[in-house]
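For reference, my_file12.pdb is printed below; it contains PDB, C-alpha atoms.
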```pdb
ATOM      1  CA  MET A   1      97.499 336.653 -18.081
ATOM      2  CA  ARG A   2      94.279 338.254 -19.359
ATOM      3  CA  HIS A   3      91.174 336.117 -19.542
ATOM      4  CA  GLY A   4      88.710 338.621 -20.975
ATOM      5  CA  PRO A   5      87.702 342.273 -20.965
ATOM      6  CA  THR A   6      87.409 344.232 -17.757
ATOM      7  CA  ILE A   7      84.133 345.902 -16.814
ATOM      8  CA  SER A   8      85.124 349.135 -18.574
ATOM      9  CA  HIS A   9      86.000 347.329 -21.808
ATOM     10  CA  ALA A  10      82.859 345.183 -21.570
ATOM     11  CA  ALA A  11      80.715 348.274 -21.110
ATOM     12  CA  GLU A  12      82.350 349.940 -24.101
ATOM     13  CA  ARG A  13      81.793 346.887 -26.314
ATOM     14  CA  ALA A  14      78.159 346.623 -25.193
ATOM     15  CA  GLY A  15      77.523 350.324 -25.818
ATOM     16  CA  VAL A  16      76.700 351.255 -22.219
ATOM     17  CA  GLY A  17      78.397 352.901 -19.269
ATOM     18  CA  VAL A  18      80.130 351.099 -16.436
ATOM     19  CA  GLU A  19      77.429 352.215 -13.983
ATOM     20  CA  THR A  20      74.813 350.643 -16.240
ATOM     21  CA  VAL A  21      76.626 347.308 -16.033
ATOM     22  CA  ARG A  22      76.760 347.590 -12.255
ATOM     23  CA  PHE A  23      73.062 348.487 -12.196
ATOM     24  CA  TYR A  24      72.195 345.383 -14.234
ATOM     25  CA  GLU A  25      74.213 343.333 -11.767
ATOM     26  CA  ARG A  26      72.364 344.778  -8.775
ATOM     27  CA  ARG A  27      69.019 344.068 -10.438
ATOM     28  CA  GLY A  28      69.994 340.471 -11.125
ATOM     29  CA  LEU A  29      69.883 340.839 -14.906
ATOM     30  CA  ILE A  30      73.489 339.735 -15.274
ATOM     31  CA  LYS A  31      75.748 337.854 -12.893
ATOM     32  CA  GLN A  32      78.838 339.540 -11.615
ATOM     33  CA  PRO A  33      81.876 337.465 -12.604
ATOM     34  CA  PRO A  34      83.919 336.041  -9.729
ATOM     35  CA  ARG A  35      87.297 337.511  -8.937
ATOM     36  CA  PRO A  36      90.272 335.507 -10.163
ATOM     37  CA  ARG A  37      92.073 333.393  -7.610
ATOM     38  CA  GLY A  38      94.628 335.457  -5.857
ATOM     39  CA  GLY A  39      92.629 338.639  -6.420
ATOM     40  CA  GLY A  40      92.660 341.158  -9.214
ATOM     41  CA  VAL A  41      90.000 342.553 -11.536
ATOM     42  CA  ARG A  42      86.913 340.698 -12.718
ATOM     43  CA  PHE A  43      86.699 339.659 -16.363
ATOM     44  CA  TYR A  44      83.508 339.776 -18.426
ATOM     45  CA  ASP A  45      83.277 337.158 -21.147
ATOM     46  CA  ASP A  46      81.454 337.503 -24.480
ATOM     47  CA  SER A  47      78.272 335.880 -23.178
ATOM     48  CA  ILE A  48      77.856 338.618 -20.564
ATOM     49  CA  ILE A  49      78.524 341.341 -23.130
ATOM     50  CA  GLU A  50      75.955 339.809 -25.471
ATOM     51  CA  ARG A  51      73.441 339.657 -22.600
ATOM     52  CA  ILE A  52      74.038 343.330 -21.804
ATOM     53  CA  ARG A  53      73.371 344.207 -25.454
ATOM     54  CA  PHE A  54      70.161 342.186 -25.347
ATOM     55  CA  ILE A  55      68.980 344.067 -22.231
ATOM     56  CA  ARG A  56      69.867 347.452 -23.708
ATOM     57  CA  GLN A  57      68.077 346.788 -26.989
ATOM     58  CA  ALA A  58      65.015 345.474 -25.161
ATOM     59  CA  GLN A  59      64.958 348.674 -23.081
ATOM     60  CA  GLU A  60      65.132 350.772 -26.245
ATOM     61  CA  LEU A  61      62.034 348.934 -27.486
ATOM     62  CA  GLY A  62      60.251 349.951 -24.306
ATOM     63  CA  PHE A  63      60.406 346.741 -22.286
ATOM     64  CA  SER A  64      60.620 347.243 -18.529
ATOM     65  CA  LEU A  65      63.304 345.533 -16.480
ATOM     66  CA  ARG A  66      60.691 343.114 -15.129
ATOM     67  CA  GLU A  67      59.636 342.242 -18.671
ATOM     68  CA  ILE A  68      63.259 341.872 -19.728
ATOM     69  CA  LYS A  69      63.801 339.409 -16.889
ATOM     70  CA  GLU A  70      60.907 337.382 -18.261
ATOM     71  CA  LEU A  71      62.384 337.501 -21.767
ATOM     72  CA  LEU A  72      65.765 336.396 -20.457
ATOM     73  CA  ALA A  73      64.094 333.523 -18.609
ATOM     74  CA  LEU A  74      62.344 332.477 -21.815
ATOM     75  CA  ARG A  75      65.626 332.738 -23.653
ATOM     76  CA  ALA A  76      67.262 330.373 -21.184
ATOM     77  CA  ASP A  77      64.354 327.908 -21.158
ATOM     78  CA  PRO A  78      64.920 325.113 -23.716
ATOM     79  CA  ASN A  79      61.181 324.367 -23.678
ATOM     80  CA  ALA A  80      60.119 327.950 -24.401
ATOM     81  CA  ASP A  81      58.183 328.602 -27.583
ATOM     82  CA  CYS A  82      58.439 331.528 -29.996
ATOM     83  CA  SER A  83      54.760 332.236 -29.346
ATOM     84  CA  ASP A  84      55.662 333.215 -25.769
ATOM     85  CA  VAL A  85      57.989 335.932 -27.032
ATOM     86  CA  ARG A  86      55.472 337.038 -29.639
ATOM     87  CA  LYS A  87      52.867 337.430 -26.912
ATOM     88  CA  GLN A  88      55.243 339.707 -25.020
ATOM     89  CA  ALA A  89      55.891 341.774 -28.146
ATOM     90  CA  VAL A  90      52.178 342.093 -28.959
ATOM     91  CA  GLY A  91      51.483 343.243 -25.413
ATOM     92  CA  LYS A  92      54.257 345.811 -25.626
ATOM     93  CA  ARG A  93      52.920 347.121 -28.939
ATOM     94  CA  ALA A  94      49.466 347.562 -27.374
ATOM     95  CA  GLU A  95      51.082 349.500 -24.539
ATOM     96  CA  VAL A  96      52.906 351.711 -27.055
ATOM     97  CA  ASP A  97      49.600 352.377 -28.847
ATOM     98  CA  ARG A  98      48.062 353.475 -25.537
ATOM     99  CA  LYS A  99      50.986 355.789 -24.895
ATOM    100  CA  ILE A 100      50.682 357.284 -28.382
ATOM    101  CA  THR A 101      46.977 357.965 -27.804
ATOM    102  CA  HIS A 102      47.794 359.550 -24.458
ATOM    103  CA  LEU A 103      50.527 361.724 -25.995
ATOM    104  CA  GLN A 104      48.159 362.819 -28.759
ATOM    105  CA  ARG A 105      45.638 363.885 -26.099
ATOM    106  CA  ILE A 106      48.356 365.811 -24.286
ATOM    107  CA  ARG A 107      49.420 367.493 -27.542
ATOM    108  CA  ALA A 108      45.830 368.529 -28.302
ATOM    109  CA  ALA A 109      45.417 369.862 -24.766
ATOM    110  CA  LEU A 110      48.670 371.828 -25.031
ATOM    111  CA  ASP A 111      47.562 373.244 -28.388
ATOM    112  CA  GLU A 112      44.349 374.424 -26.749
ATOM    113  CA  LEU A 113      46.109 375.991 -23.775
ATOM    114  CA  ILE A 114      48.684 377.675 -26.015
ATOM    115  CA  ALA A 115      45.971 379.017 -28.318
ATOM    116  CA  SER A 116      44.163 380.563 -25.351
ATOM    117  CA  CYS A 117      47.301 382.222 -23.964
ATOM    118  CA  PRO A 118      47.702 385.990 -24.550
ATOM    119  CA  GLY A 119      51.370 385.456 -25.353
ATOM    120  CA  GLY A 120      52.514 388.518 -23.460
ATOM    121  CA  GLY A 121      51.613 391.079 -20.850
ATOM    122  CA  ALA A 122      51.008 390.648 -17.137
ATOM    123  CA  LEU A 123      51.351 387.137 -15.734
ATOM    124  CA  ARG A 124      47.882 387.404 -14.201
ATOM    125  CA  ALA A 125      46.521 387.415 -17.752
ATOM    126  CA  CYS A 126      48.284 384.163 -18.665
ATOM    127  CA  THR A 127      45.603 381.545 -19.196
ATOM    128  CA  ILE A 128      48.120 378.680 -19.024
ATOM    129  CA  MET A 129      49.226 379.716 -15.527
ATOM    130  CA  ASP A 130      45.593 380.273 -14.638
ATOM    131  CA  ALA A 131      44.673 376.731 -15.685
ATOM    132  CA  LEU A 132      47.675 375.134 -13.950
ATOM    133  CA  ALA A 133      47.173 377.040 -10.713
ATOM    134  CA  GLY A 134      43.577 376.233  -9.937
ATOM    135  CA  PRO A 135      42.258 372.890 -11.215
ATOM    136  CA  SER A 136      40.570 372.039  -7.904
ATOM    137  CA  LYS A 137      38.554 375.275  -8.035
ATOM    138  CA  ALA A 138      37.028 374.144 -11.274
ATOM    139  CA  GLY A 139      35.838 370.849  -9.849
ATOM    140  CA  ILE A 140      38.553 368.530 -11.084
ATOM    141  CA  GLY A 141      39.614 367.600  -7.565
ATOM    142  CA  ARG A 142      42.877 367.873  -5.722
ATOM    143  CA  THR A 143      44.422 364.791  -7.300
ATOM    144  CA  ILE A 144      44.692 364.557 -11.063
ATOM    145  CA  SER A 145      46.014 361.384 -12.639
ATOM    146  CA  PRO A 146      48.908 361.728 -15.118
ATOM    147  CA  ASP A 147      46.670 360.359 -17.869
ATOM    148  CA  THR A 148      44.147 363.179 -17.611
ATOM    149  CA  THR A 149      46.015 366.198 -16.235
ATOM    150  CA  LEU A 150      46.519 368.298 -19.361
ATOM    151  CA  PRO A 151      43.256 367.396 -21.115
ATOM    152  CA  SER A 152      41.411 368.232 -17.894
ATOM    153  CA  LEU A 153      43.199 371.555 -17.612
ATOM    154  CA  ALA A 154      42.226 372.367 -21.176
ATOM    155  CA  LYS A 155      38.572 371.685 -20.319
ATOM    156  CA  VAL A 156      38.905 373.931 -17.282
ATOM    157  CA  GLN A 157      40.325 376.690 -19.440
ATOM    158  CA  ARG A 158      37.425 376.350 -21.874
ATOM    159  CA  ARG A 159      34.958 376.718 -19.022
ATOM    160  CA  ARG A 160      36.812 379.702 -17.636
ATOM    161  CA  SER A 161      36.982 381.396 -21.025
ATOM    162  CA  LYS A 162      33.253 380.900 -21.449
ATOM    163  CA  GLY A 163      32.680 382.661 -18.142
ATOM    164  CA  ARG A 164      34.616 385.739 -19.214
ATOM    165  CA  THR A 165      33.201 388.630 -21.202
ATOM    166  CA  MET A 166      34.739 388.378 -24.640
ATOM    167  CA  ARG A 167      34.388 390.807 -27.514
ATOM    168  CA  THR A 168      34.852 390.481 -31.266
ATOM    169  CA  ALA A 169      36.400 393.308 -33.257
ATOM    170  CA  ILE A 170      35.790 393.321 -37.002
ATOM    171  CA  PHE A 171      38.237 395.323 -39.114
ATOM    172  CA  LYS A 172      38.095 396.058 -42.823
ATOM    173  CA  VAL A 173      41.688 395.724 -43.989
ATOM    174  CA  ASP A 174      43.176 397.017 -47.241
ATOM    175  CA  GLY A 175      46.670 396.489 -48.589
ATOM    176  CA  MET A 176      46.701 392.694 -48.560
ATOM    177  CA  HIS A 177      48.082 391.121 -51.736
ATOM    178  CA  CYS A 178      47.604 387.413 -51.030
ATOM    179  CA  ASP A 179      46.646 384.838 -48.415
ATOM    180  CA  GLY A 180      50.181 385.149 -47.064
ATOM    181  CA  CYS A 181      49.417 388.717 -46.012
ATOM    182  CA  ALA A 182      46.349 387.466 -44.148
ATOM    183  CA  ARG A 183      48.444 384.847 -42.348
ATOM    184  CA  THR A 184      51.003 387.519 -41.422
ATOM    185  CA  ILE A 185      48.313 389.671 -39.818
ATOM    186  CA  GLU A 186      46.921 386.663 -37.973
ATOM    187  CA  ALA A 187      50.360 385.790 -36.591
ATOM    188  CA  LEU A 188      51.091 389.349 -35.457
ATOM    189  CA  VAL A 189      47.715 389.975 -33.826
ATOM    190  CA  ALA A 190      47.692 386.550 -32.140
ATOM    191  CA  THR A 191      50.751 387.577 -30.072
ATOM    192  CA  GLU A 192      48.866 390.465 -28.465
ATOM    193  CA  PRO A 193      47.835 390.028 -24.807
ATOM    194  CA  GLY A 194      44.155 389.179 -24.410
ATOM    195  CA  VAL A 195      43.663 387.987 -27.991
ATOM    196  CA  ARG A 196      41.943 384.607 -28.098
ATOM    197  CA  LYS A 197      41.353 384.015 -31.790
ATOM    198  CA  VAL A 198      42.227 385.774 -35.045
ATOM    199  CA  THR A 199      40.733 385.071 -38.456
ATOM    200  CA  VAL A 200      41.786 387.165 -41.449
ATOM    201  CA  SER A 201      40.261 386.787 -44.913
ATOM    202  CA  TYR A 202      42.239 388.046 -47.889
ATOM    203  CA  LYS A 203      39.240 387.730 -50.222
ATOM    204  CA  GLY A 204      36.886 389.350 -47.756
ATOM    205  CA  ARG A 205      39.402 392.043 -46.786
ATOM    206  CA  GLU A 206      38.377 391.476 -43.209
ATOM    207  CA  ALA A 207      39.937 390.655 -39.840
ATOM    208  CA  ARG A 208      37.878 389.176 -36.998
ATOM    209  CA  ILE A 209      39.541 389.247 -33.606
ATOM    210  CA  LEU A 210      38.148 387.678 -30.445
ATOM    211  CA  PHE A 211      39.704 389.384 -27.430
ATOM    212  CA  GLU A 212      39.302 389.935 -23.717
ATOM    213  CA  PRO A 213      38.369 393.534 -22.832
ATOM    214  CA  GLY A 214      40.543 394.985 -20.124
ATOM    215  CA  VAL A 215      43.543 393.145 -21.476
ATOM    216  CA  ALA A 216      43.261 394.189 -25.135
ATOM    217  CA  ASN A 217      41.321 396.953 -26.891
ATOM    218  CA  GLU A 218      40.252 397.717 -30.449
ATOM    219  CA  ASP A 219      42.504 400.735 -30.907
ATOM    220  CA  ARG A 220      45.560 398.729 -29.914
ATOM    221  CA  LEU A 221      44.624 395.873 -32.252
ATOM    222  CA  ALA A 222      44.067 398.263 -35.144
ATOM    223  CA  ASP A 223      47.477 399.834 -34.516
ATOM    224  CA  VAL A 224      49.113 396.407 -34.712
ATOM    225  CA  ILE A 225      47.641 395.896 -38.185
ATOM    226  CA  ARG A 226      48.657 399.400 -39.311
ATOM    227  CA  ARG A 227      52.226 398.987 -38.081
ATOM    228  CA  ALA A 228      52.479 395.837 -40.201
ATOM    229  CA  GLY A 229      51.903 398.030 -43.267
ATOM    230  CA  TYR A 230      48.163 397.546 -43.826
ATOM    231  CA  TRP A 231      45.325 400.017 -43.735
ATOM    232  CA  VAL A 232      42.392 399.594 -41.381
ATOM    233  CA  ALA A 233      39.575 401.022 -43.447
ATOM    234  CA  ASP A 234      36.691 400.583 -41.039
ATOM    235  CA  ARG A 235      35.953 399.148 -37.634
ATOM    236  CA  SER A 236      32.655 397.887 -36.205
TER     237      SER A 236
END
```

Translate this file's structure into structure tokens.
Amino acid sequence: MRHGPTISHAAERAGVGVETVRFYERRGLIKQPPRPRGGGVRFYDDSIIERIRFIRQAQELGFSLREIKELLALRADPNADCSDVRKQAVGKRAEVDRKITHLQRIRAALDELIASCPGGGALRACTIMDALAGPSKAGIGRTISPDTTLPSLAKVQRRRSKGRTMRTAIFKVDGMHCDGCARTIEALVATEPGVRKVTVSYKGREARILFEPGVANEDRLADVIRRAGYWVADRS
């Protein structure tokens, strides 16, 4: 006679895998049901399934297993107050805000490293690899905390770029019909190895390109613009 779902059926109803249920049992989040007398499979009643759902949903909100244990203890305490749970939720929201700030810093640092990358050519010219390979040489130290790694690398790359000899090529460009043409030229030139920054003005009929000599050169950059269907009228 069946007395409830088996572990596989319980896991399916709770929306998790069987190994997740076993993991929760090992961590003491749920109690493993006893075996029936005479042996056989264990049966998981509705209260266990509901508890598994609670744990899973709390994890999706970002609560750690330790915090979930505390929530479960509050849930089982008849003297617990709603304010205790609210305090936990407020603390978790503050933690999420800190993570968002950290992720925004990482995104900004990645944007900076990507913008400084030649985008092609020899690997030795890759500024991203350059920044990742030698942080200690730039004075960051051998150990970099996860909270500051990428932003620190971006600062290193800025310092390294400042130490290099950079050159600006200014091209007079004809054949542009709108700002979209200017953006097209910017996108094409930005993929060239050694190019650090590209600014193209449709109204001014001008392209300004900051590049690293030895990796890029003015003739090559002018050819890129010409191949896109525009005319380089003058170069200074």

Kindly give the distance, in Å, that separates CA of Ala80 (chain A) and CA of Glu50 (chain A), rounded to a single decimal.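 Answer for the CA of Ala80 (chain A) to CA of Glu50 (chain A) separation: 19.8 Å.
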
Taking 5 positions as the minimum chain separation for residues in the same chain, which residues sit within 9 Å of Arg56 (chain A) when counting all atoms listed in the file? Answer as an NGL selection string. :A and (14-16 or 51 or 61)

Output the residue selection produced by the PyMOL selection byres ((chain A and resi 33) around 10) on the file above, formatted as a PyMOL selection string. chain A and resi 7+25+30-32+34-36+41-45+48

Please list as a PyMOL selection string every residue within 6 Å of region 197-201 of chain A, counting all atoms listed in the file and excluding residues in the same chain fewer than 3 positions away. chain A and resi 182+186+204-210

Can you translate the PyMOL selection byres ((chain A and resi 89) around 12) into the concrete residues it hits in this file, as number ranges by chain? A: 58, 61-63, 67-68, 70-71, 82-88, 90-96

In terms of the shortest atom-to-atom distance over only C-alpha atoms, which of A:Thr6, A:Trp231, A:Ala169, A:His177 is closest to Asp219 (chain A)? A:Ala169

Can you tell me how far CA of Thr20 (chain A) sits from CA of Ile55 (chain A), in Å to one decimal?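 Result for CA of Thr20 (chain A) versus CA of Ile55 (chain A): 10.6 Å, one decimal.
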
Quick one: 4 Å padding each side, axis-aligned, all listed atoms of region 49-64 of chain A - centre and edge lengths in Å to one decimal, as lines of an AutoDock Vina configuration file?
```
center_x = 69.4
center_y = 345.2
center_z = -23.0
size_x = 26.3
size_y = 19.1
size_z = 17.0
```

One-decimal distance in Å that lies between CA of Ile128 (chain A) and CA of Pro193 (chain A):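 Taking CA of Pro193 (chain A) as the start and CA of Ile128 (chain A) as the end point, the length is 12.7 Å.
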
Between A:Ala190, A:His9, A:Phe211, A:Arg196, which is the closest to Val224 (chain A) once you count all atoms listed in the file?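 That would be A:Ala190, the residue with the smallest distance to Val224 (chain A).
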
Write a file for region 37-76 of chain A of the given structure; include N, CA and C atoms and format it as a PDB file, in the first residue's frame.
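Saved the output as decode_24.pdb:
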```pdb
ATOM      1  N   ARG A  37       8.290  -0.056   7.932  1.00  0.00           N
ATOM      2  CA  ARG A  37       8.601  -1.307   8.604  1.00  0.00           C
ATOM      3  C   ARG A  37       8.605  -2.456   7.599  1.00  0.00           C
ATOM      4  N   GLY A  38       9.594  -3.254   7.722  1.00  0.00           N
ATOM      5  CA  GLY A  38       9.713  -4.351   6.770  1.00  0.00           C
ATOM      6  C   GLY A  38      10.507  -3.977   5.545  1.00  0.00           C
ATOM      7  N   GLY A  39      10.997  -2.714   5.494  1.00  0.00           N
ATOM      8  CA  GLY A  39      11.806  -2.289   4.360  1.00  0.00           C
ATOM      9  C   GLY A  39      10.991  -1.649   3.257  1.00  0.00           C
ATOM     10  N   GLY A  40      11.652  -1.369   2.164  1.00  0.00           N
ATOM     11  CA  GLY A  40      10.988  -0.714   1.043  1.00  0.00           C
ATOM     12  C   GLY A  40      11.455   0.719   0.885  1.00  0.00           C
ATOM     13  N   VAL A  41      10.808   1.454  -0.006  1.00  0.00           N
ATOM     14  CA  VAL A  41      11.217   2.820  -0.326  1.00  0.00           C
ATOM     15  C   VAL A  41      10.668   3.801   0.713  1.00  0.00           C
ATOM     16  N   ARG A  42      11.337   4.942   0.810  1.00  0.00           N
ATOM     17  CA  ARG A  42      10.875   5.999   1.710  1.00  0.00           C
ATOM     18  C   ARG A  42       9.794   6.814   0.998  1.00  0.00           C
ATOM     19  N   PHE A  43       8.857   7.331   1.773  1.00  0.00           N
ATOM     20  CA  PHE A  43       7.789   8.153   1.216  1.00  0.00           C
ATOM     21  C   PHE A  43       7.881   9.575   1.769  1.00  0.00           C
ATOM     22  N   TYR A  44       7.704  10.535   0.873  1.00  0.00           N
ATOM     23  CA  TYR A  44       7.824  11.955   1.215  1.00  0.00           C
ATOM     24  C   TYR A  44       6.439  12.575   1.223  1.00  0.00           C
ATOM     25  N   ASP A  45       5.998  13.031   2.390  1.00  0.00           N
ATOM     26  CA  ASP A  45       4.644  13.575   2.468  1.00  0.00           C
ATOM     27  C   ASP A  45       4.606  15.021   1.973  1.00  0.00           C
ATOM     28  N   ASP A  46       3.417  15.596   1.922  1.00  0.00           N
ATOM     29  CA  ASP A  46       3.222  16.937   1.363  1.00  0.00           C
ATOM     30  C   ASP A  46       3.979  18.008   2.135  1.00  0.00           C
ATOM     31  N   SER A  47       4.156  17.808   3.434  1.00  0.00           N
ATOM     32  CA  SER A  47       4.861  18.836   4.219  1.00  0.00           C
ATOM     33  C   SER A  47       6.319  18.939   3.801  1.00  0.00           C
ATOM     34  N   ILE A  48       6.930  17.804   3.464  1.00  0.00           N
ATOM     35  CA  ILE A  48       8.325  17.820   3.008  1.00  0.00           C
ATOM     36  C   ILE A  48       8.417  18.473   1.635  1.00  0.00           C
ATOM     37  N   ILE A  49       7.480  18.145   0.762  1.00  0.00           N
ATOM     38  CA  ILE A  49       7.477  18.742  -0.580  1.00  0.00           C
ATOM     39  C   ILE A  49       7.308  20.256  -0.484  1.00  0.00           C
ATOM     40  N   GLU A  50       6.424  20.695   0.394  1.00  0.00           N
ATOM     41  CA  GLU A  50       6.203  22.135   0.560  1.00  0.00           C
ATOM     42  C   GLU A  50       7.461  22.801   1.117  1.00  0.00           C
ATOM     43  N   ARG A  51       8.172  22.116   1.995  1.00  0.00           N
ATOM     44  CA  ARG A  51       9.407  22.652   2.573  1.00  0.00           C
ATOM     45  C   ARG A  51      10.494  22.761   1.496  1.00  0.00           C
ATOM     46  N   ILE A  52      10.556  21.764   0.625  1.00  0.00           N
ATOM     47  CA  ILE A  52      11.527  21.811  -0.473  1.00  0.00           C
ATOM     48  C   ILE A  52      11.241  23.009  -1.381  1.00  0.00           C
ATOM     49  N   ARG A  53       9.973  23.237  -1.673  1.00  0.00           N
ATOM     50  CA  ARG A  53       9.596  24.397  -2.504  1.00  0.00           C
ATOM     51  C   ARG A  53      10.012  25.702  -1.834  1.00  0.00           C
ATOM     52  N   PHE A  54       9.796  25.767  -0.529  1.00  0.00           N
ATOM     53  CA  PHE A  54      10.175  26.967   0.229  1.00  0.00           C
ATOM     54  C   PHE A  54      11.677  27.212   0.095  1.00  0.00           C
ATOM     55  N   ILE A  55      12.473  26.163   0.276  1.00  0.00           N
ATOM     56  CA  ILE A  55      13.940  26.290   0.186  1.00  0.00           C
ATOM     57  C   ILE A  55      14.344  26.743  -1.214  1.00  0.00           C
ATOM     58  N   ARG A  56      13.759  26.107  -2.221  1.00  0.00           N
ATOM     59  CA  ARG A  56      14.116  26.449  -3.605  1.00  0.00           C
ATOM     60  C   ARG A  56      13.787  27.908  -3.931  1.00  0.00           C
ATOM     61  N   GLN A  57      12.620  28.355  -3.535  1.00  0.00           N
ATOM     62  CA  GLN A  57      12.218  29.729  -3.822  1.00  0.00           C
ATOM     63  C   GLN A  57      13.080  30.729  -3.060  1.00  0.00           C
ATOM     64  N   ALA A  58      13.454  30.366  -1.825  1.00  0.00           N
ATOM     65  CA  ALA A  58      14.340  31.248  -1.057  1.00  0.00           C
ATOM     66  C   ALA A  58      15.709  31.343  -1.719  1.00  0.00           C
ATOM     67  N   GLN A  59      16.197  30.218  -2.270  1.00  0.00           N
ATOM     68  CA  GLN A  59      17.473  30.236  -2.989  1.00  0.00           C
ATOM     69  C   GLN A  59      17.394  31.126  -4.221  1.00  0.00           C
ATOM     70  N   GLU A  60      16.267  31.060  -4.933  1.00  0.00           N
ATOM     71  CA  GLU A  60      16.108  31.883  -6.130  1.00  0.00           C
ATOM     72  C   GLU A  60      16.117  33.365  -5.791  1.00  0.00           C
ATOM     73  N   LEU A  61      15.698  33.708  -4.569  1.00  0.00           N
ATOM     74  CA  LEU A  61      15.736  35.105  -4.129  1.00  0.00           C
ATOM     75  C   LEU A  61      17.125  35.508  -3.631  1.00  0.00           C
ATOM     76  N   GLY A  62      18.035  34.548  -3.591  1.00  0.00           N
ATOM     77  CA  GLY A  62      19.404  34.873  -3.221  1.00  0.00           C
ATOM     78  C   GLY A  62      19.791  34.532  -1.802  1.00  0.00           C
ATOM     79  N   PHE A  63      18.890  33.920  -1.041  1.00  0.00           N
ATOM     80  CA  PHE A  63      19.226  33.550   0.332  1.00  0.00           C
ATOM     81  C   PHE A  63      20.187  32.368   0.331  1.00  0.00           C
ATOM     82  N   SER A  64      21.191  32.428   1.192  1.00  0.00           N
ATOM     83  CA  SER A  64      22.129  31.320   1.339  1.00  0.00           C
ATOM     84  C   SER A  64      21.464  30.198   2.126  1.00  0.00           C
ATOM     85  N   LEU A  65      22.094  29.026   2.113  1.00  0.00           N
ATOM     86  CA  LEU A  65      21.533  27.907   2.865  1.00  0.00           C
ATOM     87  C   LEU A  65      21.523  28.208   4.362  1.00  0.00           C
ATOM     88  N   ARG A  66      22.539  28.898   4.847  1.00  0.00           N
ATOM     89  CA  ARG A  66      22.549  29.284   6.269  1.00  0.00           C
ATOM     90  C   ARG A  66      21.379  30.205   6.583  1.00  0.00           C
ATOM     91  N   GLU A  67      21.126  31.168   5.696  1.00  0.00           N
ATOM     92  CA  GLU A  67      20.013  32.089   5.914  1.00  0.00           C
ATOM     93  C   GLU A  67      18.670  31.371   5.808  1.00  0.00           C
ATOM     94  N   ILE A  68      18.609  30.391   4.912  1.00  0.00           N
ATOM     95  CA  ILE A  68      17.363  29.634   4.759  1.00  0.00           C
ATOM     96  C   ILE A  68      17.093  28.811   6.013  1.00  0.00           C
ATOM     97  N   LYS A  69      18.151  28.279   6.610  1.00  0.00           N
ATOM     98  CA  LYS A  69      17.974  27.558   7.878  1.00  0.00           C
ATOM     99  C   LYS A  69      17.373  28.471   8.936  1.00  0.00           C
ATOM    100  N   GLU A  70      17.845  29.714   8.965  1.00  0.00           N
ATOM    101  CA  GLU A  70      17.319  30.675   9.931  1.00  0.00           C
ATOM    102  C   GLU A  70      15.855  30.978   9.647  1.00  0.00           C
ATOM    103  N   LEU A  71      15.513  31.119   8.364  1.00  0.00           N
ATOM    104  CA  LEU A  71      14.116  31.371   7.995  1.00  0.00           C
ATOM    105  C   LEU A  71      13.228  30.190   8.368  1.00  0.00           C
ATOM    106  N   LEU A  72      13.729  28.987   8.147  1.00  0.00           N
ATOM    107  CA  LEU A  72      12.952  27.799   8.496  1.00  0.00           C
ATOM    108  C   LEU A  72      12.757  27.705  10.008  1.00  0.00           C
ATOM    109  N   ALA A  73      13.795  28.113  10.757  1.00  0.00           N
ATOM    110  CA  ALA A  73      13.667  28.104  12.219  1.00  0.00           C
ATOM    111  C   ALA A  73      12.628  29.114  12.665  1.00  0.00           C
ATOM    112  N   LEU A  74      12.631  30.292  12.031  1.00  0.00           N
ATOM    113  CA  LEU A  74      11.617  31.301  12.353  1.00  0.00           C
ATOM    114  C   LEU A  74      10.218  30.785  12.010  1.00  0.00           C
ATOM    115  N   ARG A  75      10.156  30.100  10.892  1.00  0.00           N
ATOM    116  CA  ARG A  75       8.866  29.577  10.435  1.00  0.00           C
ATOM    117  C   ARG A  75       8.291  28.561  11.431  1.00  0.00           C
ATOM    118  N   ALA A  76       9.195  27.817  12.054  1.00  0.00           N
ATOM    119  CA  ALA A  76       8.743  26.791  13.004  1.00  0.00           C
ATOM    120  C   ALA A  76       8.551  27.328  14.414  1.00  0.00           C
TER     121      ALA A  76
END
```
